[in-house]
Structure formats: structure tokens, C-alpha cells
>>> print(open('target.cif').read())   # mmCIF, C-alpha atoms; chains and numbers go by the auth columns
data_model
#
loop_
_atom_site.group_PDB
_atom_site.id
_atom_site.type_symbol
_atom_site.label_atom_id
_atom_site.label_comp_id
_atom_site.label_asym_id
_atom_site.label_seq_id
_atom_site.Cartn_x
_atom_site.Cartn_y
_atom_site.Cartn_z
_atom_site.B_iso_or_equiv
_atom_site.auth_seq_id
_atom_site.auth_asym_id
ATOM 1 C CA MET A 1 0.000 0.000 0.000 0.00 1 A
ATOM 2 C CA ASN A 2 1.683 3.151 -1.236 0.00 2 A
ATOM 3 C CA ILE A 3 0.390 6.483 0.065 0.00 3 A
ATOM 4 C CA PRO A 4 1.253 9.409 -2.174 0.00 4 A
ATOM 5 C CA VAL A 5 3.932 11.655 -0.673 0.00 5 A
ATOM 6 C CA LYS A 6 1.796 14.725 -1.314 0.00 6 A
ATOM 7 C CA ARG A 7 -0.992 13.379 0.953 0.00 7 A
ATOM 8 C CA VAL A 8 1.475 12.588 3.727 0.00 8 A
ATOM 9 C CA ILE A 9 2.896 16.119 3.595 0.00 9 A
ATOM 10 C CA ILE A 10 -0.581 17.671 3.701 0.00 10 A
ATOM 11 C CA PHE A 11 -1.533 15.452 6.643 0.00 11 A
ATOM 12 C CA VAL A 12 1.637 16.357 8.616 0.00 12 A
ATOM 13 C CA VAL A 13 1.155 20.099 7.970 0.00 13 A
ATOM 14 C CA ALA A 14 -2.490 19.877 9.084 0.00 14 A
ATOM 15 C CA VAL A 15 -1.556 18.061 12.309 0.00 15 A
ATOM 16 C CA ILE A 16 1.127 20.650 13.113 0.00 16 A
ATOM 17 C CA ALA A 17 -1.299 23.519 12.430 0.00 17 A
ATOM 18 C CA VAL A 18 -3.998 22.031 14.687 0.00 18 A
ATOM 19 C CA ALA A 19 -1.442 21.404 17.462 0.00 19 A
ATOM 20 C CA GLY A 20 -0.182 24.984 17.182 0.00 20 A
ATOM 21 C CA ILE A 21 -3.676 26.432 17.373 0.00 21 A
ATOM 22 C CA ALA A 22 -4.445 24.254 20.408 0.00 22 A
ATOM 23 C CA MET A 23 -1.281 25.437 22.192 0.00 23 A
ATOM 24 C CA VAL A 24 -2.128 29.099 21.562 0.00 24 A
ATOM 25 C CA ALA A 25 -5.722 28.561 22.759 0.00 25 A
ATOM 26 C CA VAL A 26 -4.569 26.877 25.981 0.00 26 A
ATOM 27 C CA SER A 27 -2.028 29.635 26.606 0.00 27 A
ATOM 28 C CA LEU A 28 -4.631 32.364 26.117 0.00 28 A
ATOM 29 C CA TRP A 29 -7.119 30.526 28.335 0.00 29 A
ATOM 30 C CA ASN A 30 -4.566 30.191 31.158 0.00 30 A
ATOM 31 C CA ASN A 31 -3.602 33.874 30.969 0.00 31 A
ATOM 32 C CA ALA A 32 -7.212 35.063 30.897 0.00 32 A
ATOM 33 C CA SER A 33 -8.327 32.937 33.833 0.00 33 A
ATOM 34 C CA SER A 34 -5.360 33.515 36.149 0.00 34 A
ATOM 35 C CA GLY A 35 -6.074 37.166 37.041 0.00 35 A
ATOM 36 C CA ASN A 36 -2.401 37.755 37.799 0.00 36 A
ATOM 37 C CA ILE A 37 -1.137 41.278 38.195 0.00 37 A
ATOM 38 C CA GLN A 38 1.271 42.566 35.563 0.00 38 A
ATOM 39 C CA GLU A 39 3.820 44.893 37.106 0.00 39 A
ATOM 40 C CA ASN A 40 4.548 48.092 35.259 0.00 40 A
ATOM 41 C CA ALA A 41 5.944 50.991 37.239 0.00 41 A
ATOM 42 C CA ASN A 42 5.445 53.423 34.361 0.00 42 A
ATOM 43 C CA VAL A 43 1.851 52.737 33.390 0.00 43 A
ATOM 44 C CA SER A 44 0.429 55.551 31.313 0.00 44 A
ATOM 45 C CA THR A 45 -3.187 56.199 30.466 0.00 45 A
ATOM 46 C CA SER A 46 -2.581 55.144 26.870 0.00 46 A
ATOM 47 C CA SER A 47 -1.056 51.794 27.863 0.00 47 A
ATOM 48 C CA ILE A 48 -3.957 51.064 30.207 0.00 48 A
ATOM 49 C CA ALA A 49 -6.391 51.993 27.443 0.00 49 A
ATOM 50 C CA ALA A 50 -4.923 49.362 25.157 0.00 50 A
ATOM 51 C CA ALA A 51 -4.895 46.784 27.947 0.00 51 A
ATOM 52 C CA THR A 52 -8.459 47.281 29.180 0.00 52 A
ATOM 53 C CA ILE A 53 -10.423 47.380 25.936 0.00 53 A
ATOM 54 C CA PRO A 54 -13.459 47.565 25.945 0.00 54 A
ATOM 55 C CA CYS A 55 -13.098 49.474 29.250 0.00 55 A
ATOM 56 C CA HIS A 56 -11.402 52.671 28.171 0.00 56 A
ATOM 57 C CA PRO A 57 -9.870 54.685 30.995 0.00 57 A
ATOM 58 C CA PRO A 58 -10.968 58.251 31.385 0.00 58 A
ATOM 59 C CA THR A 59 -8.785 61.028 30.058 0.00 59 A
ATOM 60 C CA GLY A 60 -8.040 64.312 31.770 0.00 60 A
ATOM 61 C CA ASN A 61 -7.298 65.063 35.392 0.00 61 A
ATOM 62 C CA MET A 62 -10.709 64.153 36.837 0.00 62 A
ATOM 63 C CA PHE A 63 -13.733 62.005 36.029 0.00 63 A
ATOM 64 C CA THR A 64 -17.094 61.167 37.582 0.00 64 A
ATOM 65 C CA LEU A 65 -18.116 57.844 39.090 0.00 65 A
ATOM 66 C CA GLY A 66 -21.823 57.113 39.250 0.00 66 A
ATOM 67 C CA THR A 67 -22.968 55.542 42.511 0.00 67 A
ATOM 68 C CA PRO A 68 -26.374 54.617 43.969 0.00 68 A
ATOM 69 C CA SER A 69 -25.900 57.576 46.354 0.00 69 A
ATOM 70 C CA GLY A 70 -25.077 60.071 43.595 0.00 70 A
ATOM 71 C CA ASN A 71 -22.185 61.028 41.365 0.00 71 A
ATOM 72 C CA VAL A 72 -18.698 61.546 42.777 0.00 72 A
ATOM 73 C CA THR A 73 -16.017 63.438 40.838 0.00 73 A
ATOM 74 C CA VAL A 74 -12.557 62.018 41.547 0.00 74 A
ATOM 75 C CA ASN A 75 -8.973 62.646 40.491 0.00 75 A
ATOM 76 C CA ASN A 76 -8.001 60.416 37.578 0.00 76 A
ATOM 77 C CA PHE A 77 -6.207 57.639 39.490 0.00 77 A
ATOM 78 C CA TYR A 78 -5.580 55.786 36.213 0.00 78 A
ATOM 79 C CA ASN A 79 -2.786 58.316 35.647 0.00 79 A
ATOM 80 C CA ILE A 80 -0.867 57.017 38.694 0.00 80 A
ATOM 81 C CA ALA A 81 -1.789 53.312 38.460 0.00 81 A
ATOM 82 C CA GLN A 82 1.055 50.933 39.257 0.00 82 A
ATOM 83 C CA SER A 83 -0.317 47.915 37.376 0.00 83 A
ATOM 84 C CA VAL A 84 -3.332 46.305 35.759 0.00 84 A
ATOM 85 C CA SER A 85 -4.496 42.702 36.161 0.00 85 A
ATOM 86 C CA THR A 86 -4.056 40.374 33.193 0.00 86 A
ATOM 87 C CA ASP A 87 -7.838 40.001 32.946 0.00 87 A
ATOM 88 C CA HIS A 88 -8.053 43.809 32.832 0.00 88 A
ATOM 89 C CA THR A 89 -10.573 44.080 35.659 0.00 89 A
ATOM 90 C CA SER A 90 -8.401 45.438 38.494 0.00 90 A
ATOM 91 C CA ILE A 91 -6.172 48.469 38.733 0.00 91 A
ATOM 92 C CA LEU A 92 -3.500 48.529 41.444 0.00 92 A
ATOM 93 C CA ILE A 93 -3.441 52.193 42.397 0.00 93 A
ATOM 94 C CA VAL A 94 -1.026 52.081 45.337 0.00 94 A
ATOM 95 C CA GLN A 95 1.035 49.343 46.955 0.00 95 A
ATOM 96 C CA THR A 96 2.950 50.121 50.129 0.00 96 A
ATOM 97 C CA SER A 97 4.459 47.933 52.832 0.00 97 A
ATOM 98 C CA THR A 98 1.308 48.603 54.904 0.00 98 A
ATOM 99 C CA TYR A 99 -1.596 48.372 52.429 0.00 99 A
ATOM 100 C CA ASN A 100 -2.716 48.036 48.800 0.00 100 A
ATOM 101 C CA ILE A 101 -5.416 50.159 47.174 0.00 101 A
ATOM 102 C CA THR A 102 -7.082 48.666 44.108 0.00 102 A
ATOM 103 C CA TYR A 103 -10.012 49.600 41.899 0.00 103 A
ATOM 104 C CA TYR A 104 -12.247 46.848 40.538 0.00 104 A
ATOM 105 C CA ILE A 105 -13.658 47.993 37.192 0.00 105 A
ATOM 106 C CA PRO A 106 -16.708 45.687 36.806 0.00 106 A
ATOM 107 C CA ASP A 107 -18.506 47.024 39.889 0.00 107 A
ATOM 108 C CA SER A 108 -16.638 50.344 40.360 0.00 108 A
ATOM 109 C CA SER A 109 -15.421 49.385 43.828 0.00 109 A
ATOM 110 C CA PHE A 110 -12.261 50.221 45.730 0.00 110 A
ATOM 111 C CA ASN A 111 -10.485 47.640 47.875 0.00 111 A
ATOM 112 C CA LEU A 112 -8.086 48.456 50.683 0.00 112 A
ATOM 113 C CA LEU A 113 -6.076 45.394 51.698 0.00 113 A
ATOM 114 C CA ILE A 114 -4.262 45.945 54.984 0.00 114 A
ATOM 115 C CA THR A 115 -0.998 43.985 54.887 0.00 115 A
ATOM 116 C CA THR A 116 0.546 44.789 58.306 0.00 116 A
ATOM 117 C CA ALA A 117 -0.601 44.986 61.917 0.00 117 A
ATOM 118 C CA PRO A 118 -1.922 46.792 63.773 0.00 118 A
ATOM 119 C CA PHE A 119 -5.011 46.816 61.544 0.00 119 A
ATOM 120 C CA LEU A 120 -6.586 50.013 62.898 0.00 120 A
ATOM 121 C CA ALA A 121 -3.471 52.163 62.399 0.00 121 A
ATOM 122 C CA ALA A 122 -2.841 50.819 58.888 0.00 122 A
ATOM 123 C CA ARG A 123 -6.528 51.261 58.066 0.00 123 A
ATOM 124 C CA GLN A 124 -6.398 54.971 59.015 0.00 124 A
ATOM 125 C CA GLU A 125 -3.295 55.427 56.871 0.00 125 A
ATOM 126 C CA ALA A 126 -4.913 53.698 53.860 0.00 126 A
ATOM 127 C CA GLU A 127 -8.135 55.695 54.205 0.00 127 A
ATOM 128 C CA THR A 128 -6.202 58.971 54.345 0.00 128 A
ATOM 129 C CA GLU A 129 -4.258 57.982 51.229 0.00 129 A
ATOM 130 C CA LEU A 130 -7.468 57.026 49.383 0.00 130 A
ATOM 131 C CA LEU A 131 -9.041 60.424 50.151 0.00 131 A
ATOM 132 C CA GLN A 132 -5.882 62.191 48.972 0.00 132 A
ATOM 133 C CA ILE A 133 -5.572 60.175 45.755 0.00 133 A
ATOM 134 C CA LEU A 134 -9.219 60.630 44.830 0.00 134 A
ATOM 135 C CA GLY A 135 -9.328 64.266 45.985 0.00 135 A
ATOM 136 C CA VAL A 136 -12.692 63.778 47.698 0.00 136 A
ATOM 137 C CA SER A 137 -14.247 64.690 51.022 0.00 137 A
ATOM 138 C CA ARG A 138 -15.214 62.078 53.582 0.00 138 A
ATOM 139 C CA GLY A 139 -18.860 62.621 52.649 0.00 139 A
ATOM 140 C CA ASP A 140 -18.214 61.889 48.971 0.00 140 A
ATOM 141 C CA ALA A 141 -16.005 58.920 49.867 0.00 141 A
ATOM 142 C CA CYS A 142 -18.956 57.434 51.780 0.00 142 A
ATOM 143 C CA LYS A 143 -20.942 57.399 48.509 0.00 143 A
ATOM 144 C CA LEU A 144 -18.313 55.089 46.939 0.00 144 A
ATOM 145 C CA SER A 145 -18.184 51.319 47.237 0.00 145 A
ATOM 146 C CA VAL A 146 -15.114 50.687 49.417 0.00 146 A
ATOM 147 C CA ARG A 147 -14.189 47.418 51.106 0.00 147 A
ATOM 148 C CA GLU A 148 -11.376 47.056 53.625 0.00 148 A
ATOM 149 C CA SER A 149 -9.931 43.712 54.682 0.00 149 A
ATOM 150 C CA THR A 150 -6.899 41.873 56.009 0.00 150 A
ATOM 151 C CA MET A 151 -5.646 38.291 56.227 0.00 151 A
ATOM 152 C CA PRO A 152 -5.428 36.004 59.293 0.00 152 A
ATOM 153 C CA GLY A 153 -1.632 36.105 59.303 0.00 153 A
ATOM 154 C CA VAL A 154 -1.672 39.900 59.517 0.00 154 A
ATOM 155 C CA ASP A 155 -4.209 40.598 62.264 0.00 155 A
ATOM 156 C CA ALA A 156 -6.458 37.684 63.235 0.00 156 A
ATOM 157 C CA ALA A 157 -8.843 39.920 65.187 0.00 157 A
ATOM 158 C CA TYR A 158 -9.867 41.753 62.001 0.00 158 A
ATOM 159 C CA SER A 159 -9.474 39.055 59.347 0.00 159 A
ATOM 160 C CA GLY A 160 -12.305 37.235 57.666 0.00 160 A
ATOM 161 C CA SER A 161 -14.610 40.244 57.576 0.00 161 A
ATOM 162 C CA GLY A 162 -15.038 43.101 55.166 0.00 162 A
ATOM 163 C CA TYR A 163 -15.186 46.610 56.524 0.00 163 A
ATOM 164 C CA GLY A 164 -16.343 49.909 55.076 0.00 164 A
ATOM 165 C CA LEU A 165 -14.598 53.218 55.576 0.00 165 A
ATOM 166 C CA SER A 166 -14.309 53.834 59.335 0.00 166 A
ATOM 167 C CA PHE A 167 -15.760 57.348 59.103 0.00 167 A
ATOM 168 C CA CYS A 168 -18.882 56.320 57.144 0.00 168 A
ATOM 169 C CA PRO A 169 -22.200 55.320 58.715 0.00 169 A
ATOM 170 C CA SER A 170 -21.917 51.885 57.034 0.00 170 A
ATOM 171 C CA GLY A 171 -18.297 51.411 58.183 0.00 171 A
ATOM 172 C CA ARG A 172 -17.334 49.594 61.349 0.00 172 A
#
>>> encode(input="target.cif", output="C-alpha cells")
Amino acid sequence: MNIPVKRVIIFVVAVIAVAGIAMVAVSLWNNASSGNIQENANVSTSSIAAATIPCHPPTGNMFTLGTPSGNVTVNNFYNIAQSVSTDHTSILIVQTSTYNITYYIPDSSFNLLITTAPFLAARQEAETELLQILGVSRGDACKLSVRESTMPGVDAAYSGSGYGLSFCPSGR
């Protein structure tokens, strides 16, 4: 049984092409589902815009966030962002040795992760920084969706629960 050489070549090329497409698909799937943070100390608004399509970052120095409690005009924190997640849903605004401040695009929420004890002192520091970055009053900050948390290894007394801003009626 002789198989023509031309058919063998076509078959081998087709198998290689399918394998290549499968490898690319698996690679893209792994990157999209991991949610890892890509570090980039010099993130500019234009680089975030390309990375977060279809979510285009605002331009200019300020923009308005709509909330259930009313609109809040904030400084454009995209201009100082330290990194963006690979799934393009989270913006790391500030990372210090005491706390991280992130913005979650899908629900327009801010997250303050306290990374050192004591929780209450680090919390105050993170809240002050958030107000300064956003350029808002405490009253306007209370209109925003903000969640504060820590991990058991940092301060067990405050881990496992989410907190609001300490100066807001819904905070604790």
C-alpha cells in the first residue's frame, strides 16, 4: 500500500497547524483565567487603554463615578496606576508595605487590603491615602463602594470580615 507523498505532507502540515492552534488557545485561556497582576511601574493612560479594551480609561485630570448615592467626581487615578491585572478588571493604584489600594472595574469598587498589623493604624493610613488620591471629602467617599480587609496572618482579630470606611455610617 503506497500512500502518495503529497498526501502525507498535507496530513503532517495539518496536524502541526492544529497542534499549534491548540497550544495558543490553551495559553490564552490560562492567561485570561489567572487574574495575575502585571507589574509596570510606568503605566500611562494610553497603555492602560490598550490593555483594558473595551473598558477605556478616562482622560483628563478628573472624572465622575456614578454611585447609587449620587455622582462623585474624583482625580483620575488611572494616571498614577502601578499595574493592571491580566484580565483587565483590576487596577493597582497604590502598593505600600502597609496596604494596597485597588479599583475593581466591573462594579466600580475600591479595595483596601491591609498587609501589616496593627489593623486600625494601617486602616487609618490607607483611608487617608485614598481620600488624597481621589481628591474627595469624607462625605463623597462614603458614597463610593469601598471594602477594607486583612488576612489572618496579619491581624487575626480583624481578618475574615469586610469593613467599610471607618468614618462612614456603614463602616465599622
>>> closest_residue(input="target.cif", among="A:Val94, A:Ala81, A:Leu120, A:Val136", to="Asp155 (chain A)", atoms="all atoms listed in the file")
A:Leu120
>>> residues_around(input="target.cif", residues="Leu65 (chain A)", least_positions_apart="5", cutoff="12 Å", atoms="all atoms listed in the file", output="mmCIF file with C-alpha atoms, keeping the file's coordinate frame")
data_model
loop_
_atom_site.group_PDB
_atom_site.id
_atom_site.type_symbol
_atom_site.label_atom_id
_atom_site.label_comp_id
_atom_site.auth_asym_id
_atom_site.auth_seq_id
_atom_site.Cartn_x
_atom_site.Cartn_y
_atom_site.Cartn_z
ATOM 1 C CA PRO A 57 -9.870 54.685 30.995
ATOM 2 C CA PRO A 58 -10.968 58.251 31.385
ATOM 3 C CA GLY A 70 -25.077 60.071 43.595
ATOM 4 C CA ASN A 71 -22.185 61.028 41.365
ATOM 5 C CA VAL A 72 -18.698 61.546 42.777
ATOM 6 C CA THR A 73 -16.017 63.438 40.838
ATOM 7 C CA VAL A 74 -12.557 62.018 41.547
ATOM 8 C CA ASN A 75 -8.973 62.646 40.491
ATOM 9 C CA ASN A 76 -8.001 60.416 37.578
ATOM 10 C CA PHE A 77 -6.207 57.639 39.490
ATOM 11 C CA TYR A 103 -10.012 49.600 41.899
ATOM 12 C CA ILE A 105 -13.658 47.993 37.192
ATOM 13 C CA ASP A 107 -18.506 47.024 39.889
ATOM 14 C CA SER A 108 -16.638 50.344 40.360
ATOM 15 C CA SER A 109 -15.421 49.385 43.828
ATOM 16 C CA PHE A 110 -12.261 50.221 45.730
ATOM 17 C CA LEU A 134 -9.219 60.630 44.830
ATOM 18 C CA VAL A 136 -12.692 63.778 47.698
ATOM 19 C CA ASP A 140 -18.214 61.889 48.971
ATOM 20 C CA ALA A 141 -16.005 58.920 49.867
ATOM 21 C CA LYS A 143 -20.942 57.399 48.509
ATOM 22 C CA LEU A 144 -18.313 55.089 46.939
ATOM 23 C CA SER A 145 -18.184 51.319 47.237
#
>>> closest_residue(input="target.cif", among="A:Ile93, A:Leu130, A:Ala122, A:Cys142", to="Pro169 (chain A)", atoms="all atoms listed in the file")
A:Cys142
>>> atom_distance(input="target.cif", atom1="CA of Thr115 (chain A)", atom2="CA of Asn100 (chain A)")
7.5 Å
>>> resolve_selection(input="target.cif", expression="the PyMOL selection byres ((chain A and resi 148) around 12)", output="NGL selection string")
:A and (99-102 or 109-115 or 119-120 or 122-124 or 126-127 or 130 or 145-147 or 149-151 or 158-166 or 171-172)
